[in-house]
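**Student:** Quick one, run.pdb (PDB, C-alpha atoms):
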```
ATOM      1  CA  MET A  24       6.820 -29.574  21.051
ATOM      2  CA  ASN A  25       5.416 -26.038  21.094
ATOM      3  CA  THR A  26       8.690 -24.561  19.841
ATOM      4  CA  GLN A  27       8.737 -27.120  17.047
ATOM      5  CA  LEU A  28       5.359 -25.845  15.869
ATOM      6  CA  LYS A  29       6.891 -22.442  15.193
ATOM      7  CA  LEU A  30       8.922 -21.773  12.067
ATOM      8  CA  ARG A  31      11.313 -18.878  11.555
ATOM      9  CA  LYS A  32      12.330 -17.911   8.039
ATOM     10  CA  LYS A  33      14.678 -15.095   7.027
ATOM     11  CA  TYR A  34      14.352 -12.879   3.963
ATOM     12  CA  THR A  35      16.618 -10.206   2.532
ATOM     13  CA  VAL A  36      14.632  -7.511   0.744
ATOM     14  CA  THR A  37      15.771  -7.216  -2.861
ATOM     15  CA  SER A  38      15.102  -4.382  -5.292
ATOM     16  CA  ALA A  39      12.510  -6.586  -7.012
ATOM     17  CA  ASP A  40      10.445  -6.532  -3.807
ATOM     18  CA  THR A  41      10.481  -2.769  -3.275
ATOM     19  CA  ASP A  42       8.642   0.240  -4.677
ATOM     20  CA  MET A  43      10.303   3.314  -6.184
ATOM     21  CA  PHE A  44      10.835   4.695  -2.669
ATOM     22  CA  SER A  45      12.867   1.622  -1.568
ATOM     23  CA  ARG A  46      10.023   0.340   0.645
ATOM     24  CA  LEU A  47       8.844  -3.246   0.666
ATOM     25  CA  LYS A  48       5.788  -3.557  -1.563
ATOM     26  CA  LEU A  49       2.633  -4.673   0.222
ATOM     27  CA  SER A  50       2.309  -7.573  -2.208
ATOM     28  CA  ALA A  51       5.866  -8.689  -1.406
ATOM     29  CA  LEU A  52       5.109  -8.642   2.316
ATOM     30  CA  VAL A  53       2.034 -10.785   1.694
ATOM     31  CA  ASN A  54       4.192 -13.128  -0.373
ATOM     32  CA  TYR A  55       6.742 -13.494   2.444
ATOM     33  CA  LEU A  56       3.927 -14.536   4.776
ATOM     34  CA  ILE A  57       2.487 -17.008   2.282
ATOM     35  CA  GLN A  58       5.886 -18.569   1.570
ATOM     36  CA  SER A  59       6.549 -18.893   5.306
ATOM     37  CA  ALA A  60       3.164 -20.562   5.764
ATOM     38  CA  ILE A  61       3.982 -23.020   2.970
ATOM     39  CA  SER A  62       7.342 -23.879   4.575
ATOM     40  CA  SER A  63       5.712 -24.346   7.978
ATOM     41  CA  ALA A  64       2.987 -26.601   6.572
ATOM     42  CA  GLU A  65       5.599 -28.751   4.839
ATOM     43  CA  LYS A  66       7.633 -29.019   8.042
ATOM     44  CA  LEU A  67       4.559 -30.147   9.989
ATOM     45  CA  GLY A  68       3.489 -32.735   7.409
ATOM     46  CA  PHE A  69       0.677 -30.713   5.854
ATOM     47  CA  GLY A  70       2.420 -29.530   2.708
ATOM     48  CA  LEU A  71       1.303 -29.744  -0.913
ATOM     49  CA  LYS A  72       2.383 -33.355  -1.383
ATOM     50  CA  ASP A  73       0.938 -34.433   1.970
ATOM     51  CA  LEU A  74      -2.463 -32.907   1.242
ATOM     52  CA  LYS A  75      -2.504 -34.291  -2.289
ATOM     53  CA  GLU A  76      -2.508 -37.785  -0.786
ATOM     54  CA  GLU A  77      -5.762 -36.838   0.967
ATOM     55  CA  ASN A  78      -7.176 -35.207  -2.170
ATOM     56  CA  LEU A  79      -6.931 -31.764  -0.548
ATOM     57  CA  PHE A  80      -5.164 -28.467  -1.165
ATOM     58  CA  TRP A  81      -4.720 -25.282   0.862
ATOM     59  CA  VAL A  82      -6.442 -22.014  -0.053
ATOM     60  CA  LEU A  83      -5.784 -18.704   1.681
ATOM     61  CA  ASN A  84      -9.182 -17.203   2.550
ATOM     62  CA  ARG A  85      -8.453 -14.195   4.787
ATOM     63  CA  MET A  86      -5.478 -12.236   6.061
ATOM     64  CA  THR A  87      -5.055  -9.176   8.276
ATOM     65  CA  ILE A  88      -1.689  -7.437   8.743
ATOM     66  CA  GLU A  89      -0.791  -4.648  11.161
ATOM     67  CA  ILE A  90       2.354  -2.825   9.994
ATOM     68  CA  ASN A  91       4.464  -0.739  12.377
ATOM     69  CA  ARG A  92       6.819   0.649   9.742
ATOM     70  CA  PRO A  93       7.902   0.047   6.146
ATOM     71  CA  VAL A  94      10.643  -2.494   5.553
ATOM     72  CA  LEU A  95      13.389  -1.025   3.370
ATOM     73  CA  TRP A  96      15.548  -2.309   0.541
ATOM     74  CA  SER A  97      18.416  -4.608   1.626
ATOM     75  CA  GLU A  98      16.978  -5.101   5.130
ATOM     76  CA  GLU A  99      17.082  -8.609   6.554
ATOM     77  CA  ILE A 100      13.885  -9.624   8.273
ATOM     78  CA  GLU A 101      12.624 -12.763   9.963
ATOM     79  CA  VAL A 102       9.094 -14.118   9.698
ATOM     80  CA  GLU A 103       7.911 -16.315  12.560
ATOM     81  CA  THR A 104       4.725 -18.308  11.976
ATOM     82  CA  TRP A 105       2.682 -21.004  13.682
ATOM     83  CA  PRO A 106      -0.702 -22.752  13.392
ATOM     84  CA  LYS A 107      -2.869 -21.203  16.097
ATOM     85  CA  ASN A 108      -6.346 -22.675  16.059
ATOM     86  CA  VAL A 109      -9.225 -24.154  14.086
ATOM     87  CA  GLU A 110     -12.370 -22.031  13.866
ATOM     88  CA  ARG A 111     -15.151 -24.035  12.206
ATOM     89  CA  ILE A 112     -13.710 -24.767   8.735
ATOM     90  CA  PHE A 113     -10.899 -22.211   9.032
ATOM     91  CA  TYR A 114      -7.315 -23.054   9.983
ATOM     92  CA  ILE A 115      -5.890 -19.980  11.712
ATOM     93  CA  ARG A 116      -2.200 -19.162  11.329
ATOM     94  CA  ASP A 117      -0.406 -16.179  12.902
ATOM     95  CA  PHE A 118       2.799 -14.341  12.004
ATOM     96  CA  VAL A 119       5.292 -11.957  13.591
ATOM     97  CA  ILE A 120       7.823 -10.110  11.416
ATOM     98  CA  ARG A 121      11.001  -8.792  13.082
ATOM     99  CA  ASP A 122      14.031  -6.822  11.957
ATOM    100  CA  LYS A 123      17.649  -7.835  12.596
ATOM    101  CA  ASN A 124      17.451  -6.282  16.074
ATOM    102  CA  SER A 125      14.384  -8.374  16.934
ATOM    103  CA  ASN A 126      12.092  -5.348  16.834
ATOM    104  CA  ILE A 127       8.594  -6.202  15.677
ATOM    105  CA  ILE A 128       7.862  -4.690  12.269
ATOM    106  CA  ALA A 129       4.462  -6.272  11.663
ATOM    107  CA  LYS A 130       1.981  -8.821  12.973
ATOM    108  CA  ALA A 131      -0.559 -10.828  11.037
ATOM    109  CA  SER A 132      -3.256 -13.458  11.250
ATOM    110  CA  SER A 133      -4.620 -15.591   8.427
ATOM    111  CA  ALA A 134      -7.410 -18.083   7.798
ATOM    112  CA  TRP A 135      -6.923 -21.032   5.448
ATOM    113  CA  LEU A 136      -9.270 -23.625   3.981
ATOM    114  CA  ALA A 137      -8.484 -27.251   3.158
ATOM    115  CA  ILE A 138     -10.320 -27.723  -0.156
ATOM    116  CA  ASP A 139     -11.373 -31.046  -1.650
ATOM    117  CA  TYR A 140      -9.971 -31.482  -5.178
ATOM    118  CA  ASN A 141     -13.158 -33.044  -6.538
ATOM    119  CA  SER A 142     -15.965 -31.117  -4.879
ATOM    120  CA  LYS A 143     -13.959 -27.861  -4.586
ATOM    121  CA  ARG A 144     -15.600 -27.434  -1.190
ATOM    122  CA  PRO A 145     -13.970 -26.998   2.251
ATOM    123  CA  SER A 146     -13.096 -30.191   4.077
ATOM    124  CA  ASN A 147     -11.454 -31.111   7.371
ATOM    125  CA  PHE A 148      -8.750 -33.468   8.548
ATOM    126  CA  ASN A 149      -9.537 -36.233  10.992
ATOM    127  CA  PRO A 150      -9.605 -35.211  14.702
ATOM    128  CA  GLU A 151      -6.191 -36.748  15.337
ATOM    129  CA  LYS A 152      -4.572 -34.563  12.682
ATOM    130  CA  ILE A 153      -6.555 -31.448  13.551
ATOM    131  CA  GLU A 154      -5.169 -31.548  17.100
ATOM    132  CA  ILE A 155      -1.791 -30.201  15.985
ATOM    133  CA  PHE A 156      -3.477 -26.998  14.782
ATOM    134  CA  THR A 157      -4.811 -26.196  18.256
ATOM    135  CA  ARG A 158      -1.778 -26.798  20.477
ATOM    136  CA  LEU A 159      -0.772 -23.129  20.364
ATOM    137  CA  LYS A 160      -4.290 -21.795  20.865
ATOM    138  CA  GLY A 161      -3.954 -18.555  22.808
ATOM    139  CA  VAL A 162      -0.481 -17.773  21.451
ATOM    140  CA  ASP A 163      -1.458 -14.689  19.475
ATOM    141  CA  ALA A 164       0.259 -12.343  17.089
ATOM    142  CA  LEU A 165      -3.047 -10.533  16.669
ATOM    143  CA  SER A 166      -5.638 -10.936  19.416
ATOM    144  CA  TYR A 167      -8.464 -11.150  16.867
ATOM    145  CA  SER A 168      -9.242 -13.321  13.869
ATOM    146  CA  PRO A 169      -8.490 -12.085  10.342
ATOM    147  CA  GLU A 170     -11.205  -9.675   9.346
ATOM    148  CA  LYS A 171     -14.263 -10.711   7.318
ATOM    149  CA  LEU A 172     -15.118  -7.864   4.942
ATOM    150  CA  GLY A 173     -18.560  -6.878   3.703
ATOM    151  CA  ASN A 174     -20.000  -5.475   0.479
ATOM    152  CA  ILE A 175     -19.150  -2.005  -0.774
ATOM    153  CA  ASN A 176     -21.057   0.222  -3.187
ATOM    154  CA  ASN A 177     -20.512  -0.399  -6.862
ATOM    155  CA  ASN A 178     -17.956   2.349  -7.519
ATOM    156  CA  ILE A 179     -15.911   0.830 -10.319
ATOM    157  CA  GLN A 180     -12.458   2.361 -10.772
ATOM    158  CA  GLN A 181     -10.949  -0.043 -13.257
ATOM    159  CA  HIS A 182     -11.569  -3.203 -15.292
ATOM    160  CA  ILE A 183      -8.676  -5.667 -15.235
ATOM    161  CA  THR A 184      -8.187  -8.716 -17.438
ATOM    162  CA  PRO A 185      -5.408 -10.918 -15.997
ATOM    163  CA  SER A 186      -2.398 -11.498 -18.198
ATOM    164  CA  TYR A 187       0.084 -14.382 -18.349
ATOM    165  CA  PHE A 188       2.165 -13.366 -15.323
ATOM    166  CA  ASP A 189      -0.898 -12.799 -13.145
ATOM    167  CA  ILE A 190      -1.637 -16.529 -13.191
ATOM    168  CA  ASP A 191      -0.016 -19.033 -10.809
ATOM    169  CA  LEU A 192       0.604 -22.785 -11.004
ATOM    170  CA  ASN A 193      -3.001 -23.442  -9.942
ATOM    171  CA  LYS A 194      -4.105 -21.686 -13.158
ATOM    172  CA  HIS A 195      -5.797 -18.781 -11.384
ATOM    173  CA  VAL A 196      -4.795 -15.245 -10.388
ATOM    174  CA  THR A 197      -2.156 -15.454  -7.663
ATOM    175  CA  SER A 198      -2.968 -13.857  -4.301
ATOM    176  CA  THR A 199      -0.349 -11.123  -4.498
ATOM    177  CA  ARG A 200      -1.468  -9.797  -7.877
ATOM    178  CA  TYR A 201      -4.759  -8.626  -6.405
ATOM    179  CA  VAL A 202      -2.729  -6.554  -3.942
ATOM    180  CA  ASP A 203      -0.714  -4.980  -6.757
ATOM    181  CA  TRP A 204      -3.941  -4.111  -8.587
ATOM    182  CA  LEU A 205      -5.175  -2.230  -5.516
ATOM    183  CA  MET A 206      -1.947  -0.281  -5.116
ATOM    184  CA  ASP A 207      -1.943   0.604  -8.828
ATOM    185  CA  LEU A 208      -5.141   2.621  -8.283
ATOM    186  CA  TYR A 209      -3.056   5.389  -6.677
ATOM    187  CA  PRO A 210      -0.723   7.938  -8.274
ATOM    188  CA  VAL A 211       2.958   8.155  -7.391
ATOM    189  CA  GLU A 212       2.362  11.252  -5.262
ATOM    190  CA  PHE A 213      -0.054   9.367  -3.046
ATOM    191  CA  HIS A 214       2.396   6.516  -2.485
ATOM    192  CA  GLN A 215       5.168   8.964  -1.680
ATOM    193  CA  GLU A 216       3.196  10.292   1.299
ATOM    194  CA  ASN A 217       1.309   7.155   2.342
ATOM    195  CA  TYR A 218       2.102   3.590   3.332
ATOM    196  CA  PRO A 219      -0.273   0.823   4.477
ATOM    197  CA  LYS A 220      -0.671   0.571   8.244
ATOM    198  CA  ILE A 221      -3.408  -2.073   8.368
ATOM    199  CA  PHE A 222      -4.280  -4.387   5.498
ATOM    200  CA  SER A 223      -7.061  -6.961   5.308
ATOM    201  CA  VAL A 224      -7.953  -9.134   2.350
ATOM    202  CA  ASN A 225     -10.602 -11.801   1.689
ATOM    203  CA  TYR A 226     -10.111 -14.189  -1.230
ATOM    204  CA  ILE A 227     -13.607 -15.381  -2.078
ATOM    205  CA  LYS A 228     -13.621 -16.845  -5.593
ATOM    206  CA  GLU A 229     -10.786 -17.725  -7.939
ATOM    207  CA  THR A 230     -10.242 -15.722 -11.122
ATOM    208  CA  MET A 231      -9.125 -17.631 -14.187
ATOM    209  CA  HIS A 232      -7.163 -16.458 -17.219
ATOM    210  CA  GLY A 233      -9.316 -14.374 -19.556
ATOM    211  CA  GLU A 234     -11.898 -13.415 -16.930
ATOM    212  CA  THR A 235     -12.337  -9.713 -16.181
ATOM    213  CA  ILE A 236     -12.360  -8.152 -12.716
ATOM    214  CA  ALA A 237     -14.319  -4.945 -12.093
ATOM    215  CA  LEU A 238     -12.430  -3.257  -9.265
ATOM    216  CA  SER A 239     -14.451  -0.905  -7.027
ATOM    217  CA  GLN A 240     -13.159   1.415  -4.309
ATOM    218  CA  GLN A 241     -14.588   3.455  -1.431
ATOM    219  CA  LYS A 242     -12.764   5.921   0.808
ATOM    220  CA  ASP A 243     -13.410   6.976   4.382
ATOM    221  CA  GLY A 244     -10.519   9.181   5.468
ATOM    222  CA  ASN A 245      -7.350   7.085   5.541
ATOM    223  CA  THR A 246      -9.302   3.818   5.305
ATOM    224  CA  HIS A 247     -10.043   2.576   1.806
ATOM    225  CA  THR A 248     -12.126  -0.501   0.938
ATOM    226  CA  PHE A 249     -12.143  -2.482  -2.297
ATOM    227  CA  GLU A 250     -14.098  -5.160  -4.092
ATOM    228  CA  GLY A 251     -13.146  -7.158  -7.153
ATOM    229  CA  TYR A 252     -16.158  -8.494  -9.070
ATOM    230  CA  ASN A 253     -15.675 -11.350 -11.529
ATOM    231  CA  SER A 254     -17.902 -10.385 -14.452
ATOM    232  CA  ALA A 255     -17.695 -13.777 -16.172
ATOM    233  CA  GLN A 256     -18.747 -15.713 -13.064
ATOM    234  CA  GLU A 257     -21.008 -12.922 -11.758
ATOM    235  CA  LYS A 258     -19.446 -13.342  -8.323
ATOM    236  CA  VAL A 259     -17.212 -11.336  -5.998
ATOM    237  CA  ALA A 260     -13.653 -12.620  -6.250
ATOM    238  CA  MET A 261     -11.916 -10.489  -3.612
ATOM    239  CA  ARG A 262     -12.502  -7.830  -0.967
ATOM    240  CA  ALA A 263      -9.842  -5.761   0.768
ATOM    241  CA  LYS A 264      -9.337  -2.862   3.152
ATOM    242  CA  ILE A 265      -6.274  -0.650   3.630
ATOM    243  CA  THR A 266      -5.717   1.950   6.321
ATOM    244  CA  PHE A 267      -2.846   4.239   5.347
ATOM    245  CA  ASP A 268      -0.571   5.963   7.841
ATOM    246  CA  GLY A 269      -0.261   9.244   5.927
ATOM    247  CA  SER A 270      -2.678  11.829   4.587
ATOM    248  CA  SER A 271      -4.919  10.522   1.817
ATOM    249  CA  ASP A 272      -6.167  13.974   0.819
ATOM    250  CA  ASN A 273      -3.797  14.131  -2.129
ATOM    251  CA  ASN A 274      -5.732  11.506  -4.078
TER
END
```
In structure tokens, how does this file's structure come out?
**Tutor:**
Amino acid sequence: MNTQLKLRKKYTVTSADTDMFSRLKLSALVNYLIQSAISSAEKLGFGLKDLKEENLFWVLNRMTIEINRPVLWSEEIEVETWPKNVERIFYIRDFVIRDKNSNIIAKASSAWLAIDYNSKRPSNFNPEKIEIFTRLKGVDALSYSPEKLGNINNNIQQHITPSYFDIDLNKHVTSTRYVDWLMDLYPVEFHQENYPKIFSVNYIKETMHGETIALSQQKDGNTHTFEGYNSAQEKVAMRAKITFDGSSDNN
């Protein structure tokens, strides 16, 4: 049964998923992980339709990715994912990304919430259903839980008002667009010499169409932290941290 809890999904990197240097965009990598998680949940009977019957829906709360090297245009990769554990209200899911030679390109861990449609608050499945999420406890991609990020100083770099294509079918800003906003803070020259090595993100509060995000940034060597503040709701919407593998002195 343990092998049945793991899902493997292949992707071929298209030009739409790469930056101008033919490297997989960080947002595209995050999207591959999310899509693999969706496929796995559906396979295990916890997909969108299954949760809707229980008046629940999944929300990605945290994710941490360790990246060994950039994936390049036209590469074929395989994402392996599995439900690993339940930590309080968080459903932990891990990932391993491999190239066609089975070399590990990246590892990741994520924390998801099952949200009640009516109360919009985290809920849990009954103990019988929860059991499936703990069968692979101890089978780690990352040996630690996805990182919880703290406040940063109010150092606003940009104000962003989401447009039509920033919004997903749930009528809020899609997870990957926040990642693109972070990467757009840097000039081309920075991206040419730097690529994310470790990425963590916390999705705290949804952002709806027409609401403005004040995006702040702090730098400590190659590690940069971010916070997106929803001005309309007066709440933090997102926090993130990126450690780059190159020299960040050129920004």
**Student:** Translate the PyMOL selection byres ((chain A and resi 235) around 10) into a concrete residue list for this structure, as a VMD selection string.
**Tutor:** chain A and resid 182 to 185 230 to 234 236 to 238 251 to 256
**Student:** Work out how far apart atom CA of Pro210 of chain A and atom CA of Leu47 of chain A are and give it in Å to one decimal.
**Tutor:** 17.2 Å
**Student:** So what does the PyMOL selection byres ((chain A and resi 225) around 8) actually pick up in this one, as a PDB file with C-alpha atoms, keeping the file's coordinate frame?
**Tutor:**
```
ATOM      1  CA  ASN A  84      -9.182 -17.203   2.550  1.00  0.00           C
ATOM      2  CA  ARG A  85      -8.453 -14.195   4.787  1.00  0.00           C
ATOM      3  CA  MET A  86      -5.478 -12.236   6.061  1.00  0.00           C
ATOM      4  CA  GLU A 170     -11.205  -9.675   9.346  1.00  0.00           C
ATOM      5  CA  LYS A 171     -14.263 -10.711   7.318  1.00  0.00           C
ATOM      6  CA  LEU A 172     -15.118  -7.864   4.942  1.00  0.00           C
ATOM      7  CA  SER A 223      -7.061  -6.961   5.308  1.00  0.00           C
ATOM      8  CA  VAL A 224      -7.953  -9.134   2.350  1.00  0.00           C
ATOM      9  CA  TYR A 226     -10.111 -14.189  -1.230  1.00  0.00           C
ATOM     10  CA  ILE A 227     -13.607 -15.381  -2.078  1.00  0.00           C
ATOM     11  CA  MET A 261     -11.916 -10.489  -3.612  1.00  0.00           C
ATOM     12  CA  ARG A 262     -12.502  -7.830  -0.967  1.00  0.00           C
ATOM     13  CA  ALA A 263      -9.842  -5.761   0.768  1.00  0.00           C
TER      14      ALA A 263
END
```
**Student:** Looking at A:Phe148, A:Tyr218, A:Trp204, A:Trp96, which one is nearest to Phe80 of chain A, with distances taken over only C-alpha atoms?
**Tutor:**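 Once distances to Phe80 of chain A are computed over only C-alpha atoms, the minimum belongs to A:Phe148.
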**Student:** Measuring atom to atom with all atoms listed in the file, identify which of A:Tyr201, A:Tyr34, A:Tyr187, A:Tyr114 is nearest to Glu99 of chain A.
**Tutor:**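 Selected residue with least distance to Glu99 of chain A: A:Tyr34.
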**Student:** From the list A:Arg92, A:Leu52, A:Ser142, A:Ser168, which residue is nearest Val109 of chain A when using only C-alpha atoms?
**Tutor:**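 Under the stated criterion, the closest residue is A:Ser168.
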**Student:** Evaluate the PyMOL selection byres ((chain A and resi 118-120) around 6) on the structure here and hand back the selected residues as number ranges by chain.
**Tutor:** A: 101-104, 117, 121, 127-131
**Student:** Give me, as a Markdown table, the closest atom pair and its distance (Å, one decimal) for every residue of segment 140-225 of chain A within a cut-off of 12 Å of segment 56-75 of chain A, counting all atoms listed in the file, rows sorted by chain and rising number.
**Tutor:**
```
| residue | atom | partner | partner_atom | distance |
| --- | --- | --- | --- | --- |
| A:Tyr140 | CA | A:Lys75 | CA | 8.5 |
| A:Asn141 | CA | A:Lys75 | CA | 11.5 |
| A:Ser146 | CA | A:Leu74 | CA | 11.3 |
| A:Asn147 | CA | A:Leu74 | CA | 11.0 |
| A:Phe148 | CA | A:Leu74 | CA | 9.7 |
| A:Lys152 | CA | A:Phe69 | CA | 9.4 |
| A:Ile153 | CA | A:Phe69 | CA | 10.6 |
| A:Ile155 | CA | A:Leu67 | CA | 8.7 |
| A:Phe156 | CA | A:Leu67 | CA | 9.9 |
| A:Asn193 | CA | A:Leu71 | CA | 11.8 |
| A:Thr197 | CA | A:Ile57 | CA | 11.1 |
| A:Ser198 | CA | A:Ile57 | CA | 9.1 |
| A:Thr199 | CA | A:Ile57 | CA | 9.4 |
```
**Student:** May I ask which of the residues A:Glu212, A:Asp139, A:Phe113, A:Asp207 is the closest one to Glu76 of chain A, counting all atoms listed in the file?
**Tutor:**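 Nearest candidate to Glu76 of chain A out of A:Glu212, A:Asp139, A:Phe113, A:Asp207: A:Asp139.
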**Student:** Provide segment 137-156 of chain A of the preceding structure as a file containing N, CA, C and O atoms, as an mmCIF file, in the first residue's frame.
**Tutor:**
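Written output follows (selection.cif):
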```
data_model
loop_
_atom_site.group_PDB
_atom_site.id
_atom_site.type_symbol
_atom_site.label_atom_id
_atom_site.label_comp_id
_atom_site.auth_asym_id
_atom_site.auth_seq_id
_atom_site.Cartn_x
_atom_site.Cartn_y
_atom_site.Cartn_z
ATOM 1 N N ALA A 137 -7.206 21.887 5.185
ATOM 2 C CA ALA A 137 -8.550 21.554 4.699
ATOM 3 C C ALA A 137 -9.498 22.610 5.273
ATOM 4 O O ALA A 137 -9.722 22.663 6.485
ATOM 5 N N ILE A 138 -10.024 23.481 4.410
ATOM 6 C CA ILE A 138 -10.805 24.632 4.845
ATOM 7 C C ILE A 138 -12.299 24.371 4.659
ATOM 8 O O ILE A 138 -12.731 23.860 3.628
ATOM 9 N N ASP A 139 -13.070 24.739 5.673
ATOM 10 C CA ASP A 139 -14.520 24.621 5.609
ATOM 11 C C ASP A 139 -15.091 25.735 4.722
ATOM 12 O O ASP A 139 -14.757 26.902 4.892
ATOM 13 N N TYR A 140 -15.958 25.361 3.763
ATOM 14 C CA TYR A 140 -16.509 26.324 2.827
ATOM 15 C C TYR A 140 -17.280 27.443 3.526
ATOM 16 O O TYR A 140 -17.223 28.610 3.107
ATOM 17 N N ASN A 141 -18.001 27.107 4.585
ATOM 18 C CA ASN A 141 -18.867 28.089 5.231
ATOM 19 C C ASN A 141 -18.116 28.989 6.204
ATOM 20 O O ASN A 141 -18.192 30.214 6.124
ATOM 21 N N SER A 142 -17.368 28.369 7.110
ATOM 22 C CA SER A 142 -16.677 29.149 8.133
ATOM 23 C C SER A 142 -15.368 29.738 7.638
ATOM 24 O O SER A 142 -14.837 30.683 8.237
ATOM 25 N N LYS A 143 -14.836 29.167 6.528
ATOM 26 C CA LYS A 143 -13.519 29.551 5.993
ATOM 27 C C LYS A 143 -12.403 29.331 7.018
ATOM 28 O O LYS A 143 -11.372 29.988 6.985
ATOM 29 N N ARG A 144 -12.623 28.383 7.913
ATOM 30 C CA ARG A 144 -11.629 28.054 8.923
ATOM 31 C C ARG A 144 -11.122 26.623 8.709
ATOM 32 O O ARG A 144 -11.823 25.780 8.132
ATOM 33 N N PRO A 145 -9.894 26.322 9.179
ATOM 34 C CA PRO A 145 -9.363 24.964 9.022
ATOM 35 C C PRO A 145 -10.231 23.927 9.716
ATOM 36 O O PRO A 145 -10.776 24.167 10.797
ATOM 37 N N SER A 146 -10.350 22.772 9.068
ATOM 38 C CA SER A 146 -11.104 21.662 9.620
ATOM 39 C C SER A 146 -10.253 20.405 9.485
ATOM 40 O O SER A 146 -9.141 20.437 8.968
ATOM 41 N N ASN A 147 -10.785 19.294 9.963
ATOM 42 C CA ASN A 147 -10.077 18.018 9.860
ATOM 43 C C ASN A 147 -11.031 16.935 9.378
ATOM 44 O O ASN A 147 -12.255 17.028 9.552
ATOM 45 N N PHE A 148 -10.452 15.892 8.784
ATOM 46 C CA PHE A 148 -11.232 14.722 8.427
ATOM 47 C C PHE A 148 -11.430 13.860 9.673
ATOM 48 O O PHE A 148 -10.778 14.071 10.704
ATOM 49 N N ASN A 149 -12.303 12.868 9.551
ATOM 50 C CA ASN A 149 -12.472 11.969 10.691
ATOM 51 C C ASN A 149 -11.227 11.095 10.833
ATOM 52 O O ASN A 149 -10.452 10.941 9.883
ATOM 53 N N PRO A 150 -10.990 10.532 12.045
ATOM 54 C CA PRO A 150 -9.747 9.778 12.300
ATOM 55 C C PRO A 150 -9.491 8.657 11.303
ATOM 56 O O PRO A 150 -8.341 8.376 10.954
ATOM 57 N N GLU A 151 -10.549 8.038 10.814
ATOM 58 C CA GLU A 151 -10.392 6.935 9.864
ATOM 59 C C GLU A 151 -9.780 7.429 8.560
ATOM 60 O O GLU A 151 -8.922 6.772 7.973
ATOM 61 N N LYS A 152 -10.199 8.609 8.109
ATOM 62 C CA LYS A 152 -9.669 9.164 6.873
ATOM 63 C C LYS A 152 -8.290 9.768 7.071
ATOM 64 O O LYS A 152 -7.441 9.730 6.177
ATOM 65 N N ILE A 153 -8.059 10.361 8.229
ATOM 66 C CA ILE A 153 -6.765 10.984 8.499
ATOM 67 C C ILE A 153 -5.641 9.954 8.470
ATOM 68 O O ILE A 153 -4.501 10.257 8.092
ATOM 69 N N GLU A 154 -5.946 8.719 8.827
ATOM 70 C CA GLU A 154 -4.932 7.673 8.947
ATOM 71 C C GLU A 154 -4.092 7.521 7.684
ATOM 72 O O GLU A 154 -2.885 7.285 7.742
ATOM 73 N N ILE A 155 -4.699 7.709 6.528
ATOM 74 C CA ILE A 155 -3.975 7.526 5.268
ATOM 75 C C ILE A 155 -2.851 8.545 5.114
ATOM 76 O O ILE A 155 -1.852 8.301 4.454
ATOM 77 N N PHE A 156 -3.001 9.707 5.775
ATOM 78 C CA PHE A 156 -2.000 10.765 5.665
ATOM 79 C C PHE A 156 -0.782 10.523 6.546
ATOM 80 O O PHE A 156 0.184 11.282 6.480
#
```
